[in-house]
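Data block for final_20.cif (mmCIF, C-alpha atoms):
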data_data
#
loop_
_atom_site.label_atom_id
_atom_site.label_comp_id
_atom_site.auth_asym_id
_atom_site.auth_seq_id
_atom_site.Cartn_x
_atom_site.Cartn_y
_atom_site.Cartn_z
CA MET A 853 0.00 0.00 0.00
CA LEU A 854 2.87 2.39 0.78
CA LEU A 855 4.24 1.76 -2.69
CA PHE A 856 0.88 2.77 -4.21
CA TYR A 857 0.86 6.10 -2.31
CA SER A 858 4.48 6.76 -3.25
CA ILE A 859 3.71 6.22 -6.95
CA CYS A 860 0.60 8.45 -6.75
CA PHE A 861 2.61 11.20 -5.08
CA CYS A 862 5.35 11.05 -7.73
CA VAL A 863 2.84 11.10 -10.58
CA LEU A 864 0.78 13.96 -9.13
CA SER A 865 3.79 16.09 -8.21
CA GLY A 866 5.13 15.71 -11.75
CA MET A 867 1.80 16.91 -13.18
CA GLN A 868 1.91 20.37 -11.61
CA ALA A 869 0.92 23.13 -14.00
CA ILE A 870 3.76 25.06 -15.58
CA ILE A 871 3.28 28.80 -15.15
CA PRO A 872 3.97 30.62 -18.43
CA PHE A 873 6.29 33.58 -18.63
CA ARG A 874 4.65 36.96 -19.15
CA GLU A 875 4.54 38.27 -22.72
CA SER A 876 7.70 40.29 -23.40
CA ASP A 877 5.80 43.21 -24.97
CA SER A 878 3.95 43.86 -21.67
CA TYR A 879 6.99 44.97 -19.67
CA ASP A 880 10.38 46.69 -19.89
CA MET A 881 13.28 45.70 -17.67
CA LYS A 882 16.33 47.83 -16.77
CA VAL A 883 19.34 46.58 -14.84
CA GLU A 884 20.88 49.10 -12.45
CA TYR A 885 24.32 47.87 -11.49
CA LYS A 886 26.09 50.51 -9.46
CA LEU A 887 28.60 50.94 -6.67
CA LYS A 888 27.02 51.54 -3.29
CA GLU A 889 28.34 51.95 0.23
CA LYS A 890 27.79 48.85 2.34
CA PRO A 891 27.53 49.72 6.04
CA ALA A 892 29.84 48.02 8.52
CA SER A 893 28.43 44.82 9.97
CA LEU A 894 27.45 44.48 13.62
CA TYR A 895 30.50 42.26 14.10
CA GLN A 896 32.79 44.98 12.73
CA GLN A 897 31.12 47.61 14.90
CA ASN A 898 31.57 45.50 18.05
CA ASN A 899 35.26 45.01 17.27
CA GLY A 900 35.90 48.71 16.70
CA THR A 901 36.27 48.39 12.92
CA LEU A 902 33.90 50.88 11.33
CA GLU A 903 35.02 50.65 7.72
CA ASN A 904 32.29 50.98 5.16
CA SER A 905 32.98 49.26 1.85
CA ILE A 906 32.04 50.42 -1.64
CA LEU A 907 30.66 47.34 -3.43
CA PRO A 908 28.60 46.52 -6.54
CA HIS A 909 24.85 46.57 -5.87
CA LEU A 910 22.19 45.11 -8.17
CA GLU A 911 18.70 46.52 -8.71
CA LEU A 912 16.08 45.88 -11.36
CA ALA A 913 13.41 48.30 -12.51
CA ILE A 914 10.57 46.44 -14.20
CA ASP A 915 7.97 48.64 -15.91
CA ILE A 916 4.70 46.75 -16.32
CA THR A 917 3.40 48.61 -19.36
CA SER A 918 0.15 46.72 -19.94
CA ILE A 919 -2.21 44.86 -17.65
CA GLU A 920 -4.75 42.27 -18.74
CA PRO A 921 -8.32 42.77 -17.43
CA GLU A 922 -8.20 39.54 -15.37
CA GLU A 923 -4.91 40.46 -13.65
CA PHE A 924 -5.57 41.64 -10.10
CA ARG A 925 -2.39 41.27 -8.02
CA VAL A 926 1.38 41.00 -8.40
CA ASN A 927 3.46 39.10 -5.84
CA VAL A 928 7.26 39.02 -5.67
CA MET A 929 8.67 35.90 -3.99
CA SER A 930 12.29 35.17 -3.17
CA GLY A 931 13.80 31.81 -4.04
CA GLN A 932 13.90 31.09 -0.32
CA GLY A 933 10.10 31.26 -0.16
CA GLY A 934 9.63 34.66 1.44
CA GLU A 935 7.26 37.26 0.06
CA VAL A 936 9.15 40.41 -0.89
CA MET A 937 6.27 42.51 -2.21
CA SER A 938 2.56 42.25 -2.92
CA LYS A 939 0.63 44.91 -4.79
CA ARG A 940 -2.79 45.25 -6.29
CA LEU A 941 -2.72 46.01 -10.00
CA LYS A 942 -4.86 48.96 -11.01
CA LYS A 943 -2.75 50.58 -13.69
CA PRO A 944 0.69 50.07 -15.22
CA ILE A 945 3.34 50.21 -12.47
CA THR A 946 7.08 50.06 -11.98
CA LEU A 947 8.43 47.36 -9.70
CA THR A 948 11.82 48.13 -8.18
CA LEU A 949 13.53 44.97 -7.02
CA SER A 950 16.71 45.37 -4.99
CA LEU A 951 18.62 42.11 -5.24
CA GLY A 952 21.38 43.40 -2.97
CA PHE A 953 25.15 43.47 -2.98
CA THR A 954 26.52 41.01 -5.53
CA ASP A 955 29.06 39.59 -3.04
CA ASP A 956 26.17 38.69 -0.71
CA ILE A 957 24.29 37.01 -3.59
CA PHE A 958 27.36 35.00 -4.66
CA ASP A 959 28.02 33.96 -1.04
CA ASP A 960 24.37 32.78 -0.63
CA LEU A 961 23.67 35.43 2.01
CA LYS A 962 20.86 36.84 -0.18
CA PRO A 963 18.44 34.93 -2.44
CA ASP A 964 19.69 34.36 -5.98
CA THR A 965 16.25 33.79 -7.53
CA TYR A 966 13.04 35.84 -7.52
CA HIS A 967 9.65 35.02 -9.04
CA ILE A 968 7.15 37.73 -9.90
CA TYR A 969 3.66 36.23 -10.10
CA PHE A 970 0.61 37.85 -11.70
CA SER A 971 -2.68 36.47 -10.39
CA ASP A 972 -6.43 36.95 -10.74
CA LYS A 973 -8.97 37.81 -8.01
CA ASP A 974 -9.21 34.16 -6.96
CA GLY A 975 -5.45 33.94 -6.45
CA ASP A 976 -4.82 31.73 -9.48
CA ILE A 977 -1.45 32.53 -11.03
CA LEU A 978 -1.74 33.63 -14.66
CA SER A 979 1.89 34.38 -15.58
CA GLN A 980 5.30 34.99 -14.08
CA LEU A 981 8.64 36.70 -14.50
CA LYS A 982 11.80 35.02 -13.19
CA VAL A 983 15.05 36.73 -12.15
CA GLN A 984 18.08 34.60 -11.37
CA VAL A 985 21.75 35.17 -10.62
CA LYS A 986 23.62 31.99 -11.54
CA LYS A 987 26.75 30.58 -9.91
CA ASP A 988 28.81 31.65 -12.96
CA LYS A 989 27.98 35.26 -11.93
CA SER A 990 25.56 35.89 -14.78
CA LEU A 991 22.12 37.50 -14.61
CA HIS A 992 19.21 35.68 -16.28
CA PHE A 993 15.70 36.97 -16.85
CA ASN A 994 13.00 34.43 -17.76
CA ASP A 995 15.75 31.83 -18.24
CA ARG A 996 17.52 34.04 -20.81
CA PHE A 997 21.00 35.48 -20.35
CA VAL A 998 21.04 39.25 -19.71
CA ARG A 999 24.61 40.10 -18.69
CA ASN A 1000 27.61 39.08 -16.62
CA LEU A 1001 28.01 40.66 -13.21
#
Please express what this file holds, its structure, as structure tokens.
Amino acid sequence: MLLFYSICFCVLSGMQAIIPFRESDSYDMKVEYKLKEKPASLYQQNNGTLENSILPHLELAIDITSIEPEEFRVNVMSGQGGEVMSKRLKKPITLTLSLGFTDDIFDDLKPDTYHIYFSDKDGDILSQLKVQVKKDKSLHFNDRFVRNL
């Protein structure tokens, strides 16, 4: 009987719906890769070292230029499962997503993947955008290469 439940679980988990990527003509994405001052950590402050570092910082500005009538909400989720942002869609908006300092992303101190889900009033997900920083230090958007970091 345990074997039967195991097979059912494997079959059903493999049949999950694949969420399509949002149409590329409905948004514009800009990468803002700039140097920013990183404040000294609590450890450094406690040890009397108050050096602030200037490090590369990664932000994305995503302009949602068109909204479908059935789209009601946008949710941004980190790859670690936490909700970063949730907004109701009324008109075209700009989502600013701060991914953080690149050293923190490469060292797994910050999430390396974000999903932006567009859902209807019932909470059913209609489409998504995916942002990912890969281990080879490259930025990918909807599984397509954007640039090296």
Once you add 6 Å to each side, what are the centre and edge lengths of the axis-aligned box holding all listed atoms of range 985-995 of chain A? One decimal in Å, as AutoDock Vina command-line options, if you can.
--center_x 20.9 --center_y 34.0 --center_z -14.1 --size_x 27.8 --size_y 18.9 --size_z 20.3
Nearest residue to Arg940 in chain A from the set A:Ile906, A:Ile957, A:Ile919, A:Val998 (distances using all atoms listed in the file): A:Ile919
Residues within 9 Å of Lys973 in chain A, all atoms listed in the file, excluding chain neighbours under 6 positions, as a list of chain:residue names: A:Glu922, A:Glu923, A:Phe924, A:Arg925
For range 975-977 of chain A, find every residue with an atom within 12 Å (counting all atoms listed in the file), except residues of its own chain fewer than 4 positions away, and show them as a PyMOL selection string. chain A and resi 869-874+922-927+940+967-971+981
Take the residues from that selection and put them in a file with C-alpha atoms, as a JSON list (two decimals), in the frame of the given file.
[["chain", "number", "residue", "atom", "x", "y", "z"],
["A", 869, "ALA", "CA", 0.92, 23.13, -14.00],
["A", 870, "ILE", "CA", 3.76, 25.06, -15.58],
["A", 871, "ILE", "CA", 3.28, 28.80, -15.15],
["A", 872, "PRO", "CA", 3.97, 30.62, -18.43],
["A", 873, "PHE", "CA", 6.29, 33.58, -18.63],
["A", 874, "ARG", "CA", 4.65, 36.96, -19.15],
["A", 922, "GLU", "CA", -8.20, 39.54, -15.37],
["A", 923, "GLU", "CA", -4.91, 40.46, -13.65],
["A", 924, "PHE", "CA", -5.57, 41.64, -10.10],
["A", 925, "ARG", "CA", -2.39, 41.27, -8.02],
["A", 926, "VAL", "CA", 1.38, 41.00, -8.40],
["A", 927, "ASN", "CA", 3.46, 39.10, -5.84],
["A", 940, "ARG", "CA", -2.79, 45.25, -6.29],
["A", 967, "HIS", "CA", 9.65, 35.02, -9.04],
["A", 968, "ILE", "CA", 7.15, 37.73, -9.90],
["A", 969, "TYR", "CA", 3.66, 36.23, -10.10],
["A", 970, "PHE", "CA", 0.61, 37.85, -11.70],
["A", 971, "SER", "CA", -2.68, 36.47, -10.39],
["A", 981, "LEU", "CA", 8.64, 36.70, -14.50]]
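Atom to atom, CA of Met929 in chain A and CA of Tyr966 in chain A stand 5.6 Å apart.
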Run the PyMOL selection byres ((chain A and resi 985) around 12) on the file and write out the hits as a VMD selection string. chain A and resid 910 to 911 931 951 to 960 962 to 966 982 to 984 986 to 1001
Measuring atom to atom with all atoms listed in the file, identify which of A:Leu887, A:Asp880, A:Gly933, A:Gln980 is nearest to Ile945 in chain A. A:Asp880
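For the atom pair formed by CA of Tyr879 in chain A and CA of Ile914 in chain A, the distance is 6.7 Å, given to one decimal.
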Between CA of Leu912 in chain A and CA of Ser950 in chain A, what is the distance, to one decimal in Å? 6.4 Å
Out of A:Lys890, A:Asp974, A:Ser918, A:Lys942, which residue has the shortest atom-to-atom distance to Ser905 in chain A when counting only C-alpha atoms?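 Closest candidate: A:Lys890.
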Point out the residue among A:Ser979, A:Ser930, A:Thr917, A:Ser878 with the least atom-to-atom distance to Lys943 in chain A, counting all atoms listed in the file.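 For Lys943 in chain A, the nearest of the given residues is A:Thr917.
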The PyMOL selection byres ((chain A and resi 913) around 7) on the file shown: which residues, as a PyMOL selection string? chain A and resi 881-883+911-912+914-915+946-949
Closest to Pro921 in chain A among A:Tyr885, A:Leu961, A:Asp877, A:Leu941, using only C-alpha atoms?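 Between A:Tyr885, A:Leu961, A:Asp877, A:Leu941, the residue approaching Pro921 in chain A most closely is A:Leu941.
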Nearest to Ile916 in chain A by atom-to-atom distance, counting all atoms listed in the file, from A:Gly934, A:Ser876, A:Asp972, A:Glu884: A:Ser876
